[in-house]
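Novice: Provided herewith is a single structure, encoded as structure tokens, for subsequent inquiry.
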Amino acid sequence: MTHSQTPGGTGRCLCGAVQYRYDGEPTTIGLCQCDRCQRQSGSAFLIGVIFPKEAVTIVGPLATYEAKVDGEQRLWRHFCPTCGSAISITLERYPEIRSMMGGTLDDKSRITPRFSVWCSAGQPWLTLPAGITCFADYPDGTFGG
Ligand SMILES: [Zn+2]
Ligand SMILES: [Zn+2]
């Protein structure tokens, strides 16, 4: 048995039909203010809590909406078919990661965003705190490494 300083944590959708656990700490946490993420979340941005794909285990029925980004790269938005909570995103561009939606984590104290992408598409009232780097678009090396 190995001892770990970062035992991971858990998360779930609003109704509880979909539950997950993750091992270790997120590799990065960022916001996305693109129009698609605003529409799916019904809010001003999505919170992407990034883990290596193998660090996350999801249990329960998961519906998937497949979209294309920029007409080429595919992206899958996974959500609870009962309550509609957005749970996770997987990306063709970065197949090695799983992006968990911040609001579904049980331990919100672990959500410490460092950056936001697509600030150029953001809602006009929104001003992010100092310490969150704003990118006008979606540069390589943000979410996906
Ligand atoms: Zn649910
Ligand atoms: Zn987005």
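Residue names in the structure tokens use chain letters A, B, ... in the order shown, residue numbers from 1 in each chain, and ligand numbers from 1 in the order shown.
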Using the chain letters and numbers from this document, which residues of chain A does DSSP assign to helix (DSSP H, G or I), as a ChimeraX atom specification?
Specialist: /A:35-41,53-55,102-104,108-110,119-121
Novice: If you count only C-alpha atoms and all ligand atoms, which residues end up within 10 Å of ligand 1, as an mmCIF file with N, CA and C atoms, in the first residue's frame?
Specialist:
```
data_model
loop_
_atom_site.group_PDB
_atom_site.id
_atom_site.type_symbol
_atom_site.label_atom_id
_atom_site.label_comp_id
_atom_site.auth_asym_id
_atom_site.auth_seq_id
_atom_site.Cartn_x
_atom_site.Cartn_y
_atom_site.Cartn_z
ATOM 1 N N ARG A 12 -20.159 14.873 -8.167
ATOM 2 C CA ARG A 12 -21.425 14.302 -8.629
ATOM 3 C C ARG A 12 -22.261 15.362 -9.338
ATOM 4 N N CYS A 13 -23.275 14.865 -10.054
ATOM 5 C CA CYS A 13 -24.224 15.756 -10.704
ATOM 6 C C CYS A 13 -25.269 16.221 -9.695
ATOM 7 N N LEU A 14 -26.171 17.063 -10.142
ATOM 8 C CA LEU A 14 -27.181 17.624 -9.240
ATOM 9 C C LEU A 14 -28.074 16.543 -8.628
ATOM 10 N N CYS A 15 -28.497 15.549 -9.426
ATOM 11 C CA CYS A 15 -29.425 14.538 -8.905
ATOM 12 C C CYS A 15 -28.711 13.358 -8.267
ATOM 13 N N GLY A 16 -27.415 13.219 -8.518
ATOM 14 C CA GLY A 16 -26.652 12.140 -7.900
ATOM 15 C C GLY A 16 -26.578 10.866 -8.711
ATOM 16 N N ALA A 17 -27.236 10.819 -9.874
ATOM 17 C CA ALA A 17 -27.181 9.605 -10.701
ATOM 18 C C ALA A 17 -25.782 9.363 -11.247
ATOM 19 N N VAL A 18 -25.040 10.451 -11.482
ATOM 20 C CA VAL A 18 -23.669 10.350 -11.971
ATOM 21 C C VAL A 18 -22.723 10.769 -10.844
ATOM 22 N N GLN A 19 -21.797 9.873 -10.520
ATOM 23 C CA GLN A 19 -20.820 10.164 -9.480
ATOM 24 C C GLN A 19 -19.444 9.850 -10.039
ATOM 25 N N GLY A 60 -22.222 5.684 -13.446
ATOM 26 C CA GLY A 60 -23.578 6.161 -13.714
ATOM 27 C C GLY A 60 -23.777 6.421 -15.192
ATOM 28 N N PRO A 61 -25.023 6.633 -15.587
ATOM 29 C CA PRO A 61 -25.316 6.871 -17.000
ATOM 30 C C PRO A 61 -24.804 8.228 -17.419
ATOM 31 N N LEU A 62 -24.141 8.283 -18.573
ATOM 32 C CA LEU A 62 -23.578 9.540 -19.036
ATOM 33 C C LEU A 62 -24.013 9.753 -20.485
ATOM 34 N N PHE A 79 -22.775 14.629 -19.956
ATOM 35 C CA PHE A 79 -23.697 15.209 -18.986
ATOM 36 C C PHE A 79 -24.656 14.152 -18.454
ATOM 37 N N CYS A 80 -25.295 14.461 -17.328
ATOM 38 C CA CYS A 80 -26.250 13.530 -16.734
ATOM 39 C C CYS A 80 -27.543 13.566 -17.540
ATOM 40 N N PRO A 81 -28.025 12.410 -18.015
ATOM 41 C CA PRO A 81 -29.254 12.393 -18.819
ATOM 42 C C PRO A 81 -30.506 12.706 -18.010
ATOM 43 N N THR A 82 -30.422 12.626 -16.699
ATOM 44 C CA THR A 82 -31.591 12.905 -15.860
ATOM 45 C C THR A 82 -31.700 14.381 -15.510
ATOM 46 N N CYS A 83 -30.646 14.948 -14.923
ATOM 47 C CA CYS A 83 -30.737 16.331 -14.444
ATOM 48 C C CYS A 83 -30.030 17.317 -15.362
ATOM 49 N N GLY A 84 -29.268 16.828 -16.334
ATOM 50 C CA GLY A 84 -28.643 17.724 -17.311
ATOM 51 C C GLY A 84 -27.350 18.369 -16.862
ATOM 52 N N SER A 85 -26.880 18.031 -15.673
ATOM 53 C CA SER A 85 -25.626 18.641 -15.195
ATOM 54 C C SER A 85 -24.471 18.296 -16.129
ATOM 55 N N ALA A 86 -23.701 19.302 -16.513
ATOM 56 C CA ALA A 86 -22.476 19.066 -17.265
ATOM 57 C C ALA A 86 -21.446 18.461 -16.326
ATOM 58 N N ILE A 87 -20.881 17.311 -16.722
ATOM 59 C CA ILE A 87 -19.963 16.588 -15.847
ATOM 60 C C ILE A 87 -18.528 16.699 -16.321
#
```
Novice: Hey, which residues sit close to ligand 2? Say within 6 Å, counting only C-alpha atoms and all ligand atoms, and write them as a PyMOL selection string.
Specialist: chain A and resi 32-34+36-37
Novice: Please produce an output containing N, CA and C atoms for each residue in the selection, written as an mmCIF file, in the first residue's frame.
Specialist:
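Wrote result_10.cif, looks like this:
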```
data_model
loop_
_atom_site.group_PDB
_atom_site.id
_atom_site.type_symbol
_atom_site.label_atom_id
_atom_site.label_comp_id
_atom_site.auth_asym_id
_atom_site.auth_seq_id
_atom_site.Cartn_x
_atom_site.Cartn_y
_atom_site.Cartn_z
ATOM 1 N N CYS A 32 -13.332 28.751 -19.371
ATOM 2 C CA CYS A 32 -13.545 29.010 -20.798
ATOM 3 C C CYS A 32 -14.803 29.857 -20.950
ATOM 4 N N GLN A 33 -14.622 30.999 -21.638
ATOM 5 C CA GLN A 33 -15.740 31.926 -21.846
ATOM 6 C C GLN A 33 -16.260 31.891 -23.272
ATOM 7 N N CYS A 34 -15.953 30.825 -24.018
ATOM 8 C CA CYS A 34 -16.409 30.765 -25.404
ATOM 9 C C CYS A 34 -17.940 30.656 -25.442
ATOM 10 N N ARG A 36 -19.868 28.575 -26.902
ATOM 11 C CA ARG A 36 -20.377 27.211 -26.713
ATOM 12 C C ARG A 36 -20.450 26.847 -25.232
ATOM 13 N N CYS A 37 -19.399 27.186 -24.496
ATOM 14 C CA CYS A 37 -19.397 26.850 -23.060
ATOM 15 C C CYS A 37 -20.417 27.691 -22.306
#
```
Novice: Please provide the set of residues having any atom within 8 Å of A:Thr64, restricted to only C-alpha atoms, with same-chain residues fewer than 3 positions apart removed, written as a PDB file with N, CA and C atoms, in the first residue's frame.
Specialist:
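Once everything was written out, this is out-v4.pdb:
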```pdb
ATOM      1  N   TRP A  76     -16.237  16.202 -26.927  1.00  0.00           N
ATOM      2  CA  TRP A  76     -17.409  15.513 -26.399  1.00  0.00           C
ATOM      3  C   TRP A  76     -17.781  16.097 -25.048  1.00  0.00           C
ATOM      4  N   ARG A  77     -19.021  16.554 -24.942  1.00  0.00           N
ATOM      5  CA  ARG A  77     -19.527  17.097 -23.681  1.00  0.00           C
ATOM      6  C   ARG A  77     -20.415  16.034 -23.039  1.00  0.00           C
ATOM      7  N   HIS A  78     -19.993  15.591 -21.863  1.00  0.00           N
ATOM      8  CA  HIS A  78     -20.679  14.499 -21.164  1.00  0.00           C
ATOM      9  C   HIS A  78     -21.527  15.085 -20.039  1.00  0.00           C
ATOM     10  N   PHE A  79     -22.775  14.629 -19.956  1.00  0.00           N
ATOM     11  CA  PHE A  79     -23.697  15.209 -18.986  1.00  0.00           C
ATOM     12  C   PHE A  79     -24.656  14.152 -18.454  1.00  0.00           C
TER      13      PHE A  79
END
```
Novice: Using Å and a single decimal, report how far atom CA of A:Thr27 sits from atom CA of A:Pro113.
Specialist: 11.2 Å
Novice: One decimal, Å: what's the distance from atom CA of A:Ser41 over to atom CA of A:Met100, could you say?
Specialist: 12.8 Å
Novice: By how many Å are atom CA of A:Val59 and atom CA of A:Thr10 apart?
Specialist: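 Going from atom CA of A:Val59 over to atom CA of A:Thr10 covers 11.1 Å.
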Novice: Between A:Glu25, A:Glu54, A:Asp140, A:Glu92, which residue has the minimum interatomic distance to A:Glu66, considering only C-alpha atoms?
Specialist: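 Among the listed residues, the smallest separation from A:Glu66 belongs to A:Glu92.
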Novice: Residues within 12 Å of A:Arg74, please, as a PDB file with N, CA and C atoms, in the first residue's frame. Count only C-alpha atoms; anything in the same chain fewer than 6 positions from it doesn't count.
Specialist:
```pdb
ATOM      1  N   TYR A  65     -22.767  14.683 -25.922  1.00  0.00           N
ATOM      2  CA  TYR A  65     -23.019  15.519 -27.097  1.00  0.00           C
ATOM      3  C   TYR A  65     -21.688  15.752 -27.798  1.00  0.00           C
ATOM      4  N   GLU A  66     -21.609  15.315 -29.048  1.00  0.00           N
ATOM      5  CA  GLU A  66     -20.374  15.483 -29.796  1.00  0.00           C
ATOM      6  C   GLU A  66     -20.442  16.746 -30.633  1.00  0.00           C
ATOM      7  N   ALA A  67     -19.428  17.559 -30.515  1.00  0.00           N
ATOM      8  CA  ALA A  67     -19.370  18.793 -31.292  1.00  0.00           C
ATOM      9  C   ALA A  67     -18.029  18.854 -32.012  1.00  0.00           C
ATOM     10  N   LYS A  68     -17.965  19.722 -33.003  1.00  0.00           N
ATOM     11  CA  LYS A  68     -16.695  19.966 -33.673  1.00  0.00           C
ATOM     12  C   LYS A  68     -16.246  21.380 -33.361  1.00  0.00           C
ATOM     13  N   ILE A  89     -15.688  17.007 -20.034  1.00  0.00           N
ATOM     14  CA  ILE A  89     -15.417  17.183 -21.460  1.00  0.00           C
ATOM     15  C   ILE A  89     -14.194  16.343 -21.807  1.00  0.00           C
ATOM     16  N   THR A  90     -14.278  15.651 -22.947  1.00  0.00           N
ATOM     17  CA  THR A  90     -13.087  15.020 -23.508  1.00  0.00           C
ATOM     18  C   THR A  90     -12.869  15.601 -24.893  1.00  0.00           C
ATOM     19  N   LEU A  91     -11.593  15.635 -25.301  1.00  0.00           N
ATOM     20  CA  LEU A  91     -11.223  16.371 -26.506  1.00  0.00           C
ATOM     21  C   LEU A  91     -10.345  15.532 -27.417  1.00  0.00           C
ATOM     22  N   GLU A  92     -10.651  15.592 -28.703  1.00  0.00           N
ATOM     23  CA  GLU A  92      -9.780  14.949 -29.683  1.00  0.00           C
ATOM     24  C   GLU A  92      -8.403  15.611 -29.692  1.00  0.00           C
ATOM     25  N   ARG A  93      -8.395  16.933 -29.464  1.00  0.00           N
ATOM     26  CA  ARG A  93      -7.143  17.688 -29.496  1.00  0.00           C
ATOM     27  C   ARG A  93      -6.179  17.241 -28.396  1.00  0.00           C
ATOM     28  N   TYR A  94      -6.756  16.887 -27.237  1.00  0.00           N
ATOM     29  CA  TYR A  94      -5.937  16.479 -26.092  1.00  0.00           C
ATOM     30  C   TYR A  94      -6.498  15.186 -25.512  1.00  0.00           C
ATOM     31  N   PRO A  95      -6.277  14.052 -26.194  1.00  0.00           N
ATOM     32  CA  PRO A  95      -6.916  12.796 -25.779  1.00  0.00           C
ATOM     33  C   PRO A  95      -6.464  12.289 -24.419  1.00  0.00           C
TER      34      PRO A  95
END
```
Novice: Which residue out of A:Val69, A:Ile58, A:Leu128, A:Ile111 has the minimum interatomic distance to A:Arg21 when only C-alpha atoms are used?
Specialist: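 The answer is A:Ile58, which sits nearest to A:Arg21.
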Novice: Of the residues A:Ala55, A:Gly30, A:Gly48, A:Ser109, which is the one nearest to A:Gly131, using only C-alpha atoms?
Specialist: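 Among the listed residues, A:Gly30 lies closest to A:Gly131.
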Novice: Would you return as JSON, numbers by chain the members of stretch 72-138 of chain A that DSSP assigns to strand (DSSP E or B) on this structure's backbone?
Specialist: {"A": [73, 74, 75, 76, 77, 78, 79, 86, 87, 88, 89, 90, 91, 97, 98, 99, 100, 101, 105, 115, 116, 117, 133, 134]}
Novice: Could you dump the residues just selected with N, CA and C atoms as a PDB file, in the first residue's frame?
Specialist:
```
ATOM      1  N   GLN A  73     -11.545  19.565 -35.157  1.00  0.00           N
ATOM      2  CA  GLN A  73     -11.294  18.791 -33.942  1.00  0.00           C
ATOM      3  C   GLN A  73     -12.611  18.487 -33.234  1.00  0.00           C
ATOM      4  N   ARG A  74     -12.799  17.220 -32.866  1.00  0.00           N
ATOM      5  CA  ARG A  74     -14.018  16.854 -32.155  1.00  0.00           C
ATOM      6  C   ARG A  74     -13.855  17.050 -30.650  1.00  0.00           C
ATOM      7  N   LEU A  75     -14.994  17.280 -30.013  1.00  0.00           N
ATOM      8  CA  LEU A  75     -15.029  17.515 -28.568  1.00  0.00           C
ATOM      9  C   LEU A  75     -16.320  16.908 -28.056  1.00  0.00           C
ATOM     10  N   TRP A  76     -16.237  16.202 -26.927  1.00  0.00           N
ATOM     11  CA  TRP A  76     -17.409  15.513 -26.399  1.00  0.00           C
ATOM     12  C   TRP A  76     -17.781  16.097 -25.048  1.00  0.00           C
ATOM     13  N   ARG A  77     -19.021  16.554 -24.942  1.00  0.00           N
ATOM     14  CA  ARG A  77     -19.527  17.097 -23.681  1.00  0.00           C
ATOM     15  C   ARG A  77     -20.415  16.034 -23.039  1.00  0.00           C
ATOM     16  N   HIS A  78     -19.993  15.591 -21.863  1.00  0.00           N
ATOM     17  CA  HIS A  78     -20.679  14.499 -21.164  1.00  0.00           C
ATOM     18  C   HIS A  78     -21.527  15.085 -20.039  1.00  0.00           C
ATOM     19  N   PHE A  79     -22.775  14.629 -19.956  1.00  0.00           N
ATOM     20  CA  PHE A  79     -23.697  15.209 -18.986  1.00  0.00           C
ATOM     21  C   PHE A  79     -24.656  14.152 -18.454  1.00  0.00           C
ATOM     22  N   ALA A  86     -23.701  19.302 -16.513  1.00  0.00           N
ATOM     23  CA  ALA A  86     -22.476  19.066 -17.265  1.00  0.00           C
ATOM     24  C   ALA A  86     -21.446  18.461 -16.326  1.00  0.00           C
ATOM     25  N   ILE A  87     -20.881  17.311 -16.722  1.00  0.00           N
ATOM     26  CA  ILE A  87     -19.963  16.588 -15.847  1.00  0.00           C
ATOM     27  C   ILE A  87     -18.528  16.699 -16.321  1.00  0.00           C
ATOM     28  N   SER A  88     -18.325  16.538 -17.641  1.00  0.00           N
ATOM     29  CA  SER A  88     -16.968  16.344 -18.120  1.00  0.00           C
ATOM     30  C   SER A  88     -16.885  16.665 -19.607  1.00  0.00           C
ATOM     31  N   ILE A  89     -15.688  17.007 -20.034  1.00  0.00           N
ATOM     32  CA  ILE A  89     -15.417  17.183 -21.460  1.00  0.00           C
ATOM     33  C   ILE A  89     -14.194  16.343 -21.807  1.00  0.00           C
ATOM     34  N   THR A  90     -14.278  15.651 -22.947  1.00  0.00           N
ATOM     35  CA  THR A  90     -13.087  15.020 -23.508  1.00  0.00           C
ATOM     36  C   THR A  90     -12.869  15.601 -24.893  1.00  0.00           C
ATOM     37  N   LEU A  91     -11.593  15.635 -25.301  1.00  0.00           N
ATOM     38  CA  LEU A  91     -11.223  16.371 -26.506  1.00  0.00           C
ATOM     39  C   LEU A  91     -10.345  15.532 -27.417  1.00  0.00           C
ATOM     40  N   ILE A  97      -6.312  13.902 -21.595  1.00  0.00           N
ATOM     41  CA  ILE A  97      -6.867  14.574 -20.420  1.00  0.00           C
ATOM     42  C   ILE A  97      -8.379  14.405 -20.339  1.00  0.00           C
ATOM     43  N   ARG A  98      -8.885  14.631 -19.121  1.00  0.00           N
ATOM     44  CA  ARG A  98     -10.311  14.700 -18.891  1.00  0.00           C
ATOM     45  C   ARG A  98     -10.562  15.990 -18.142  1.00  0.00           C
ATOM     46  N   SER A  99     -11.474  16.799 -18.646  1.00  0.00           N
ATOM     47  CA  SER A  99     -11.801  18.072 -18.020  1.00  0.00           C
ATOM     48  C   SER A  99     -13.091  17.906 -17.230  1.00  0.00           C
ATOM     49  N   MET A 100     -12.998  18.011 -15.921  1.00  0.00           N
ATOM     50  CA  MET A 100     -14.179  17.880 -15.070  1.00  0.00           C
ATOM     51  C   MET A 100     -14.761  19.268 -14.808  1.00  0.00           C
ATOM     52  N   MET A 101     -16.072  19.372 -14.805  1.00  0.00           N
ATOM     53  CA  MET A 101     -16.723  20.666 -14.628  1.00  0.00           C
ATOM     54  C   MET A 101     -16.674  21.068 -13.154  1.00  0.00           C
ATOM     55  N   LEU A 105     -17.477  19.226  -8.485  1.00  0.00           N
ATOM     56  CA  LEU A 105     -16.592  18.718  -7.441  1.00  0.00           C
ATOM     57  C   LEU A 105     -17.244  18.892  -6.070  1.00  0.00           C
ATOM     58  N   PHE A 115      -6.243  30.662 -15.162  1.00  0.00           N
ATOM     59  CA  PHE A 115      -6.338  31.358 -16.452  1.00  0.00           C
ATOM     60  C   PHE A 115      -7.746  31.234 -16.990  1.00  0.00           C
ATOM     61  N   SER A 116      -8.050  32.064 -17.978  1.00  0.00           N
ATOM     62  CA  SER A 116      -9.284  31.904 -18.743  1.00  0.00           C
ATOM     63  C   SER A 116      -8.950  32.018 -20.217  1.00  0.00           C
ATOM     64  N   VAL A 117      -9.564  31.133 -21.018  1.00  0.00           N
ATOM     65  CA  VAL A 117      -9.450  31.263 -22.467  1.00  0.00           C
ATOM     66  C   VAL A 117     -10.729  31.891 -23.020  1.00  0.00           C
ATOM     67  N   THR A 133      -4.945  34.725 -15.503  1.00  0.00           N
ATOM     68  CA  THR A 133      -4.461  35.230 -16.784  1.00  0.00           C
ATOM     69  C   THR A 133      -5.541  35.097 -17.850  1.00  0.00           C
ATOM     70  N   CYS A 134      -5.778  36.175 -18.574  1.00  0.00           N
ATOM     71  CA  CYS A 134      -6.814  36.184 -19.608  1.00  0.00           C
ATOM     72  C   CYS A 134      -6.208  36.046 -20.996  1.00  0.00           C
TER      73      CYS A 134
END
```
Novice: Looking at only C-alpha atoms, which of A:Val49, A:Asp35, A:Glu72, A:Thr57 is the one that sits closest to A:Arg110?
Specialist: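 When distances to A:Arg110 are compared using only C-alpha atoms, the smallest one comes from A:Val49.
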